[in-house]
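Student: Below is the file final_27.txt, which contains compact mmCIF, C-alpha atoms.
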```
# COMPACT_ATOMS: atom_id res chain seq x y z
CA MET A 58 103.73 125.02 102.00
CA ASP A 59 105.10 122.37 99.66
CA ILE A 60 103.72 118.84 99.39
CA TYR A 61 106.42 117.34 101.64
CA GLU A 62 105.87 119.90 104.39
CA LEU A 63 102.17 119.07 104.18
CA GLY A 64 103.00 115.37 104.42
CA LYS A 65 104.96 116.08 107.61
CA LYS A 66 101.92 117.88 109.03
CA TYR A 67 99.80 114.75 108.42
CA GLU A 68 102.58 112.68 109.93
CA SER A 69 102.47 114.71 113.15
CA LEU A 70 98.70 114.13 113.35
CA LEU A 71 98.64 110.44 112.49
CA ARG A 72 101.94 108.73 113.34
CA PRO A 73 101.12 108.73 117.08
CA VAL A 74 98.07 106.55 116.26
CA PHE A 75 99.43 104.39 113.43
CA GLY A 76 103.03 104.06 114.62
CA ASP A 77 105.34 102.14 112.30
CA ASN A 78 102.45 101.42 109.91
CA PHE A 79 102.49 105.12 108.93
CA ARG A 80 104.69 105.75 105.91
CA LEU A 81 105.23 108.69 103.55
CA ASP A 82 105.82 107.25 100.09
CA ASP A 83 108.24 109.68 98.52
CA SER A 84 109.80 107.10 96.20
CA GLU A 85 109.27 109.21 93.08
CA ALA A 86 111.37 112.36 93.44
CA ASP A 87 109.74 114.41 90.66
CA LYS A 88 106.09 113.83 91.41
CA ASP A 89 103.73 116.64 92.39
CA TRP A 90 101.73 114.43 94.73
CA LEU A 91 102.48 112.38 97.82
CA ALA A 92 101.03 109.07 98.99
CA ILE A 93 100.68 108.36 102.70
CA ILE A 94 100.24 104.74 103.77
CA LEU A 95 98.52 104.07 107.08
CA ASP A 96 98.50 100.28 107.27
CA GLY A 97 102.06 99.29 106.47
CA GLY A 98 102.44 96.75 103.69
CA GLN A 99 98.73 96.10 103.17
CA GLU A 100 98.17 99.43 101.41
CA ASP A 101 94.41 99.17 101.92
CA PHE A 102 94.25 102.39 103.96
CA ILE A 103 96.13 105.17 102.18
CA PHE A 104 95.64 108.70 101.01
CA SER A 105 97.18 110.89 98.36
CA LEU A 106 97.86 114.61 98.54
CA TYR A 107 97.58 116.56 95.32
CA GLY A 108 98.78 119.96 96.44
CA THR A 109 97.36 121.70 99.50
CA GLY A 110 93.70 121.57 98.44
CA CYS A 111 93.05 118.03 97.28
CA VAL A 112 93.11 114.72 99.15
CA ARG A 113 91.91 111.30 98.05
CA LEU A 114 91.52 108.88 100.95
CA TYR A 115 91.29 105.17 100.10
CA TRP A 116 89.81 102.87 102.71
CA GLN A 117 88.48 99.35 102.13
CA ASN A 118 88.15 99.95 98.35
CA GLU A 119 86.22 103.19 98.92
CA CYS A 120 87.53 106.62 97.97
CA PHE A 121 86.76 109.84 99.83
CA ILE A 122 87.46 112.99 97.81
CA PHE A 123 88.26 116.35 99.40
CA ASP A 124 88.88 118.90 96.65
CA LYS A 125 89.05 122.69 96.94
CA ARG A 126 88.02 122.86 93.27
CA ARG A 127 84.96 120.65 93.78
CA ASP A 128 82.86 122.57 91.26
CA SER A 129 85.30 121.73 88.46
CA LEU A 130 84.91 117.96 88.99
CA VAL A 131 82.55 116.10 86.67
CA SER A 132 80.59 112.91 87.18
CA SER A 133 83.31 110.76 85.60
CA ASP A 134 85.76 112.11 88.24
CA THR A 135 83.48 111.25 91.14
CA TYR A 136 81.49 108.21 89.99
CA GLY A 137 81.27 105.70 92.83
CA GLU A 138 83.33 107.89 95.15
CA ILE A 139 82.36 109.69 98.35
CA VAL A 140 82.77 113.44 97.81
CA TYR A 141 83.03 115.93 100.65
CA GLU A 142 80.73 118.75 99.52
CA GLU A 143 81.44 121.41 102.13
CA GLY A 144 83.83 124.25 101.50
CA PHE A 145 87.03 124.19 103.53
CA ASP A 146 90.08 126.26 104.26
CA GLU A 147 93.27 124.54 103.07
CA GLU A 148 94.79 125.07 106.53
CA ALA A 149 91.90 123.11 108.07
CA LEU A 150 92.02 120.21 105.59
CA PRO A 151 94.60 118.08 107.45
CA GLY A 152 92.46 118.20 110.59
CA LEU A 153 89.30 117.22 108.66
CA VAL A 154 91.00 114.31 106.93
CA ALA A 155 92.75 113.13 110.10
CA ALA A 156 89.46 113.17 112.03
CA LEU A 157 87.80 111.00 109.37
CA ILE A 158 90.76 108.62 109.31
CA LEU A 159 90.53 108.16 113.07
CA GLN A 160 86.84 107.29 112.73
CA LEU A 161 87.60 104.63 110.10
CA LYS A 162 90.76 103.24 111.69
CA ASP A 163 89.47 100.05 113.32
CA CYS A 164 86.50 99.52 111.03
CA THR A 165 85.62 97.41 108.02
CA TYR A 166 83.36 98.63 105.26
CA ILE A 167 79.81 97.26 105.05
CA GLY A 168 78.11 99.59 102.57
CA LYS A 169 77.00 103.06 101.59
CA THR A 170 73.85 104.84 100.52
CA GLU A 171 73.90 107.96 98.37
CA THR A 172 71.14 110.57 98.22
CA VAL A 173 71.24 113.19 95.47
CA LYS A 174 70.44 116.65 96.81
CA GLY A 175 71.35 118.90 93.86
CA LYS A 176 73.83 119.77 91.13
CA THR A 177 77.26 121.39 91.28
CA LEU A 178 77.61 125.03 90.27
CA PHE A 179 78.26 124.19 86.62
CA GLY A 180 75.80 121.28 86.61
CA TYR A 181 78.30 118.59 85.60
CA ASP A 182 77.92 116.47 88.73
CA ASP A 183 75.44 115.61 91.45
CA ILE A 184 75.83 116.82 95.01
CA LYS A 185 75.10 113.96 97.40
CA ASP A 186 74.70 113.01 101.01
CA TYR A 187 76.44 109.76 101.94
CA LEU A 188 75.58 107.26 104.63
CA VAL A 189 78.50 104.87 105.17
CA THR A 190 78.04 101.80 107.35
CA ALA A 191 81.12 100.40 109.06
CA LYS A 192 81.68 97.41 111.32
CA THR A 193 83.84 97.69 114.42
CA ALA A 194 84.37 95.78 117.66
CA ASN A 195 83.57 98.84 119.79
CA PRO A 196 81.03 100.98 117.95
CA PRO A 197 80.58 104.55 119.17
CA GLN A 198 77.22 105.49 120.67
CA ARG A 199 76.48 108.00 117.92
CA PRO A 200 77.11 108.21 114.18
CA TYR A 201 79.98 110.38 113.03
CA ARG A 202 79.10 113.27 110.72
CA LEU A 203 81.49 115.26 108.58
CA GLY A 204 79.51 117.66 106.40
CA ASN A 205 77.51 115.57 103.96
CA ILE A 206 79.13 112.28 105.07
CA THR A 207 77.66 110.27 107.94
CA ILE A 208 79.21 107.09 109.26
CA THR A 209 77.12 104.65 111.26
CA TYR A 210 78.64 101.72 113.08
CA GLU A 211 77.64 98.12 113.69
CA LYS A 212 79.21 95.51 115.91
```
I'd like the structure from this file rewritten - as structure tokens, please.
Tutor:
Amino acid sequence: MDIYELGKKYESLLRPVFGDNFRLDDSEADKDWLAIILDGGQEDFIFSLYGTGCVRLYWQNECFIFDKRRDSLVSSDTYGEIVYEEGFDEEALPGLVAALILQLKDCTYIGKTETVKGKTLFGYDDIKDYLVTAKTANPPQRPYRLGNITITYEK
């Protein structure tokens, strides 16, 4: 699957929710990555696809990293970011990312707490659990958990 086919898969998952705010940014014809904008002109809620196994989701000045080659990332790649630590099948990645996006959709960022729980395979980065706190008008009853990332909600 090429990057544009993958972008269309994300579009089928997210355009029904984001409507006209959803936009595939394919303005650079030769690039090997694709940006997807979820909030129209604000560009505060976007994600980038780097092939079929790497997504960087930007929300409220926070970055969530999903990378099939997680063990090759070093601390300078991940510093200050929220890294999904679980293994995943590339076919399942769009569903994982879309589910997280839907949890963050009507929220604003309050803060995050990181807890180190080990080292990556090669020892060049810390493996962490993340607790993200978000504010929303209608908070869910329970926190949302995606692997090592937990989102709690406040009103």
Student: Can you tell me how far CA of Asp128 in chain A sits from CA of Phe179 in chain A, in Å to one decimal?
Tutor: 6.7 Å
Student: At a cut-off of 6 Å around the point (87.6, 99.3, 103.7) (file coordinates), what residues fall inside when counting all atoms listed in the file? I'd like the answer as a PDB file with C-alpha atoms, in the coordinates of the input.
Tutor:
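Writing done, so here's point.pdb:
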```
ATOM      1  CA  TRP A 116      89.810 102.870 102.710  1.00  0.00           C
ATOM      2  CA  GLN A 117      88.480  99.350 102.130  1.00  0.00           C
ATOM      3  CA  ASN A 118      88.150  99.950  98.350  1.00  0.00           C
ATOM      4  CA  THR A 165      85.620  97.410 108.020  1.00  0.00           C
ATOM      5  CA  TYR A 166      83.360  98.630 105.260  1.00  0.00           C
TER       6      TYR A 166
END
```
Student: For Lys169 in chain A, which residue out of A:Met58, A:Leu106, A:Ile206, A:Val189 is the nearest one, using all atoms listed in the file?
Tutor: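 Using all atoms listed in the file, Lys169 in chain A sits closest to A:Val189.
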Student: Write out as a list of chain:residue names the residues lying within 8 Å of Leu114 in chain A, counting only C-alpha atoms and excluding same-chain residues fewer than 3 positions away.
Tutor: A:Phe102, A:Ile103, A:Phe104, A:Ser105, A:Cys120, A:Phe121, A:Ile122
Student: Kindly indicate which residue among A:Ile184, A:Ala155, A:Cys164, A:Ala149 lies nearest to Pro196 in chain A, using all atoms listed in the file for the distances.
Tutor: A:Cys164
Student: Taking 2 positions as the minimum chain separation for residues in the same chain, which residues sit within 7 Å of range 130-134 of chain A when counting all atoms listed in the file? Answer as JSON, numbers by chain.
Tutor: {"A": [127, 128, 136, 181, 182]}
Student: What does the distance from CA of Ser69 in chain A to CA of Arg113 in chain A come to in Å, to one decimal?
Tutor: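 Separation of CA of Ser69 in chain A and CA of Arg113 in chain A: 18.7 Å.
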Student: With all atoms listed in the file as the atoms that count, which of A:Asn195, A:Leu188, A:Glu148, A:Lys125 lies nearest to Thr207 in chain A?
Tutor: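 Smallest separation from Thr207 in chain A among the options: A:Leu188.
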Student: Enter the distance from CA of Ala191 in chain A to CA of Phe75 in chain A, in Å, rounded to one decimal.
Tutor: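 These atoms are spaced 19.2 Å apart.
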Student: Counting all atoms listed in the file, select every polymer residue within 12 Å of (79.4, 107.9, 112.8) as defined in the file's coordinates, and provide the selection as a PyMOL selection string.
Tutor: chain A and resi 156-161+164+187-193+196-211
Student: Can you tell me, as an NGL selection string, what residues are no more than 9 Å from Asp59 in chain A when counting only C-alpha atoms, ignoring any on the same chain fewer than 2 positions away?
Tutor: :A and (61-64 or 108-109)
Student: Just C-alpha atoms for this one: save the residues we selected as an mmCIF file, in the coordinates of the input.
Tutor:
```cif
data_model
loop_
_atom_site.group_PDB
_atom_site.id
_atom_site.type_symbol
_atom_site.label_atom_id
_atom_site.label_comp_id
_atom_site.auth_asym_id
_atom_site.auth_seq_id
_atom_site.Cartn_x
_atom_site.Cartn_y
_atom_site.Cartn_z
ATOM 1 C CA TYR A 61 106.420 117.340 101.640
ATOM 2 C CA GLU A 62 105.870 119.900 104.390
ATOM 3 C CA LEU A 63 102.170 119.070 104.180
ATOM 4 C CA GLY A 64 103.000 115.370 104.420
ATOM 5 C CA GLY A 108 98.780 119.960 96.440
ATOM 6 C CA THR A 109 97.360 121.700 99.500
#
```
Student: Quick one: axis-aligned box around all listed atoms of range 177-188 of chain A, 3 Å on every side, centre and edge lengths in Å to one decimal, written as JSON.
Tutor:
```
{"center_x": 76.5, "center_y": 116.1, "center_z": 95.1, "size_x": 9.6, "size_y": 23.8, "size_z": 25.0}
```
Student: In terms of the shortest atom-to-atom distance over only C-alpha atoms, which of A:Arg126, A:Gln99, A:Pro151, A:Thr135 is closest to Leu70 in chain A?
Tutor: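 So, comparing all the options, the nearest one is A:Pro151.
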Student: Nearest to Thr170 in chain A: which of A:Leu150, A:Ala194, A:Leu71, A:Ile139 is it, counting only C-alpha atoms?
Tutor: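 Nearest candidate to Thr170 in chain A out of A:Leu150, A:Ala194, A:Leu71, A:Ile139: A:Ile139.
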Student: Can you pull out every residue within 10 Å of Gly76 in chain A, counting all atoms listed in the file, but drop anything in the same chain fewer than 3 positions away, and send it as a ChimeraX atom specification?
Tutor: /A:68,71-73,79-80,95-97
Student: A:Asp77, A:Phe145, A:Tyr115, A:Val140: which is nearest Val173 in chain A, counting all atoms listed in the file?
Tutor: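 Comparing A:Asp77, A:Phe145, A:Tyr115, A:Val140 against Val173 in chain A, the winner is A:Val140.
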Student: Extract range 187-200 of chain A from the structure I just pasted (atoms: all heavy atoms) and return it as a PDB file, in the first residue's frame.
Tutor:
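File written: out-v4.pdb
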```
ATOM      1  N   TYR A 187       2.503   6.804  30.154  1.00  0.00           N
ATOM      2  CA  TYR A 187       2.078   8.201  30.096  1.00  0.00           C
ATOM      3  C   TYR A 187       0.667   8.334  30.630  1.00  0.00           C
ATOM      4  O   TYR A 187      -0.215   7.535  30.288  1.00  0.00           O
ATOM      5  CB  TYR A 187       2.099   8.718  28.653  1.00  0.00           C
ATOM      6  CG  TYR A 187       3.455   8.639  28.026  1.00  0.00           C
ATOM      7  CD1 TYR A 187       3.849   7.509  27.320  1.00  0.00           C
ATOM      8  CD2 TYR A 187       4.357   9.684  28.131  1.00  0.00           C
ATOM      9  CE1 TYR A 187       5.095   7.420  26.747  1.00  0.00           C
ATOM     10  CE2 TYR A 187       5.617   9.608  27.556  1.00  0.00           C
ATOM     11  CZ  TYR A 187       5.977   8.471  26.868  1.00  0.00           C
ATOM     12  OH  TYR A 187       7.222   8.382  26.299  1.00  0.00           O
ATOM     13  N   LEU A 188       0.473   9.352  31.449  1.00  0.00           N
ATOM     14  CA  LEU A 188      -0.853   9.719  31.928  1.00  0.00           C
ATOM     15  C   LEU A 188      -1.116  11.131  31.408  1.00  0.00           C
ATOM     16  O   LEU A 188      -0.447  12.086  31.815  1.00  0.00           O
ATOM     17  CB  LEU A 188      -0.927   9.689  33.459  1.00  0.00           C
ATOM     18  CG  LEU A 188      -2.258  10.111  34.065  1.00  0.00           C
ATOM     19  CD1 LEU A 188      -3.376   9.176  33.615  1.00  0.00           C
ATOM     20  CD2 LEU A 188      -2.155  10.135  35.575  1.00  0.00           C
ATOM     21  N   VAL A 189      -2.035  11.238  30.464  1.00  0.00           N
ATOM     22  CA  VAL A 189      -2.385  12.512  29.837  1.00  0.00           C
ATOM     23  C   VAL A 189      -3.713  12.963  30.437  1.00  0.00           C
ATOM     24  O   VAL A 189      -4.661  12.182  30.517  1.00  0.00           O
ATOM     25  CB  VAL A 189      -2.507  12.362  28.307  1.00  0.00           C
ATOM     26  CG1 VAL A 189      -2.937  13.667  27.667  1.00  0.00           C
ATOM     27  CG2 VAL A 189      -1.205  11.852  27.718  1.00  0.00           C
ATOM     28  N   THR A 190      -3.776  14.223  30.838  1.00  0.00           N
ATOM     29  CA  THR A 190      -5.012  14.780  31.370  1.00  0.00           C
ATOM     30  C   THR A 190      -5.570  15.757  30.346  1.00  0.00           C
ATOM     31  O   THR A 190      -4.860  16.636  29.867  1.00  0.00           O
ATOM     32  CB  THR A 190      -4.777  15.493  32.719  1.00  0.00           C
ATOM     33  OG1 THR A 190      -4.133  14.574  33.614  1.00  0.00           O
ATOM     34  CG2 THR A 190      -6.082  15.949  33.324  1.00  0.00           C
ATOM     35  N   ALA A 191      -6.854  15.568  30.009  1.00  0.00           N
ATOM     36  CA  ALA A 191      -7.515  16.398  29.020  1.00  0.00           C
ATOM     37  C   ALA A 191      -8.796  16.976  29.607  1.00  0.00           C
ATOM     38  O   ALA A 191      -9.428  16.363  30.472  1.00  0.00           O
ATOM     39  CB  ALA A 191      -7.832  15.571  27.776  1.00  0.00           C
ATOM     40  N   LYS A 192      -9.154  18.143  29.124  1.00  0.00           N
ATOM     41  CA  LYS A 192     -10.381  18.801  29.562  1.00  0.00           C
ATOM     42  C   LYS A 192     -11.401  18.717  28.437  1.00  0.00           C
ATOM     43  O   LYS A 192     -11.070  18.942  27.266  1.00  0.00           O
ATOM     44  CB  LYS A 192     -10.092  20.264  29.894  1.00  0.00           C
ATOM     45  CG  LYS A 192     -11.272  21.029  30.416  1.00  0.00           C
ATOM     46  CD  LYS A 192     -10.854  22.448  30.763  1.00  0.00           C
ATOM     47  CE  LYS A 192     -12.038  23.213  31.321  1.00  0.00           C
ATOM     48  NZ  LYS A 192     -11.656  24.577  31.686  1.00  0.00           N
ATOM     49  N   THR A 193     -12.641  18.386  28.804  1.00  0.00           N
ATOM     50  CA  THR A 193     -13.712  18.286  27.821  1.00  0.00           C
ATOM     51  C   THR A 193     -15.052  18.589  28.489  1.00  0.00           C
ATOM     52  O   THR A 193     -15.203  18.390  29.693  1.00  0.00           O
ATOM     53  CB  THR A 193     -13.739  16.897  27.149  1.00  0.00           C
ATOM     54  OG1 THR A 193     -14.742  16.895  26.135  1.00  0.00           O
ATOM     55  CG2 THR A 193     -13.972  15.779  28.127  1.00  0.00           C
ATOM     56  N   ALA A 194     -15.996  19.068  27.709  1.00  0.00           N
ATOM     57  CA  ALA A 194     -17.315  19.427  28.247  1.00  0.00           C
ATOM     58  C   ALA A 194     -18.072  18.205  28.750  1.00  0.00           C
ATOM     59  O   ALA A 194     -18.819  18.297  29.722  1.00  0.00           O
ATOM     60  CB  ALA A 194     -18.132  20.155  27.176  1.00  0.00           C
ATOM     61  N   ASN A 195     -17.897  17.071  28.093  1.00  0.00           N
ATOM     62  CA  ASN A 195     -18.604  15.846  28.473  1.00  0.00           C
ATOM     63  C   ASN A 195     -17.610  14.718  28.711  1.00  0.00           C
ATOM     64  O   ASN A 195     -17.449  13.845  27.855  1.00  0.00           O
ATOM     65  CB  ASN A 195     -19.598  15.445  27.377  1.00  0.00           C
ATOM     66  CG  ASN A 195     -20.667  16.484  27.168  1.00  0.00           C
ATOM     67  OD1 ASN A 195     -21.315  16.900  28.109  1.00  0.00           O
ATOM     68  ND2 ASN A 195     -20.827  16.918  25.923  1.00  0.00           N
ATOM     69  N   PRO A 196     -16.954  14.725  29.869  1.00  0.00           N
ATOM     70  CA  PRO A 196     -15.930  13.696  30.103  1.00  0.00           C
ATOM     71  C   PRO A 196     -16.532  12.295  30.203  1.00  0.00           C
ATOM     72  O   PRO A 196     -17.595  12.112  30.797  1.00  0.00           O
ATOM     73  CB  PRO A 196     -15.298  14.105  31.429  1.00  0.00           C
ATOM     74  CG  PRO A 196     -16.234  15.068  32.061  1.00  0.00           C
ATOM     75  CD  PRO A 196     -17.094  15.638  30.988  1.00  0.00           C
ATOM     76  N   PRO A 197     -15.851  11.311  29.602  1.00  0.00           N
ATOM     77  CA  PRO A 197     -16.306   9.928  29.751  1.00  0.00           C
ATOM     78  C   PRO A 197     -16.200   9.482  31.212  1.00  0.00           C
ATOM     79  O   PRO A 197     -15.446  10.060  31.995  1.00  0.00           O
ATOM     80  CB  PRO A 197     -15.322   9.128  28.889  1.00  0.00           C
ATOM     81  CG  PRO A 197     -14.607  10.114  28.051  1.00  0.00           C
ATOM     82  CD  PRO A 197     -14.681  11.426  28.758  1.00  0.00           C
ATOM     83  N   GLN A 198     -16.940   8.454  31.549  1.00  0.00           N
ATOM     84  CA  GLN A 198     -16.935   7.917  32.914  1.00  0.00           C
ATOM     85  C   GLN A 198     -15.582   7.329  33.293  1.00  0.00           C
ATOM     86  O   GLN A 198     -15.184   7.397  34.437  1.00  0.00           O
ATOM     87  CB  GLN A 198     -18.008   6.829  33.056  1.00  0.00           C
ATOM     88  CG  GLN A 198     -19.411   7.336  32.926  1.00  0.00           C
ATOM     89  CD  GLN A 198     -19.866   8.063  34.186  1.00  0.00           C
ATOM     90  OE1 GLN A 198     -19.351   7.842  35.266  1.00  0.00           O
ATOM     91  NE2 GLN A 198     -20.835   8.943  34.024  1.00  0.00           N
ATOM     92  N   ARG A 199     -14.910   6.742  32.312  1.00  0.00           N
ATOM     93  CA  ARG A 199     -13.655   6.043  32.595  1.00  0.00           C
ATOM     94  C   ARG A 199     -12.514   6.624  31.764  1.00  0.00           C
ATOM     95  O   ARG A 199     -12.728   7.130  30.665  1.00  0.00           O
ATOM     96  CB  ARG A 199     -13.799   4.567  32.238  1.00  0.00           C
ATOM     97  CG  ARG A 199     -14.826   3.869  33.084  1.00  0.00           C
ATOM     98  CD  ARG A 199     -14.789   2.373  32.820  1.00  0.00           C
ATOM     99  NE  ARG A 199     -15.716   1.726  33.709  1.00  0.00           N
ATOM    100  CZ  ARG A 199     -16.708   0.960  33.326  1.00  0.00           C
ATOM    101  NH1 ARG A 199     -16.892   0.709  32.050  1.00  0.00           N
ATOM    102  NH2 ARG A 199     -17.502   0.415  34.209  1.00  0.00           N
ATOM    103  N   PRO A 200     -11.294   6.492  32.269  1.00  0.00           N
ATOM    104  CA  PRO A 200     -10.134   6.884  31.460  1.00  0.00           C
ATOM    105  C   PRO A 200     -10.034   6.006  30.212  1.00  0.00           C
ATOM    106  O   PRO A 200     -10.555   4.890  30.176  1.00  0.00           O
ATOM    107  CB  PRO A 200      -8.938   6.622  32.385  1.00  0.00           C
ATOM    108  CG  PRO A 200      -9.501   6.540  33.753  1.00  0.00           C
ATOM    109  CD  PRO A 200     -10.913   6.051  33.614  1.00  0.00           C
TER     110      PRO A 200
END
```
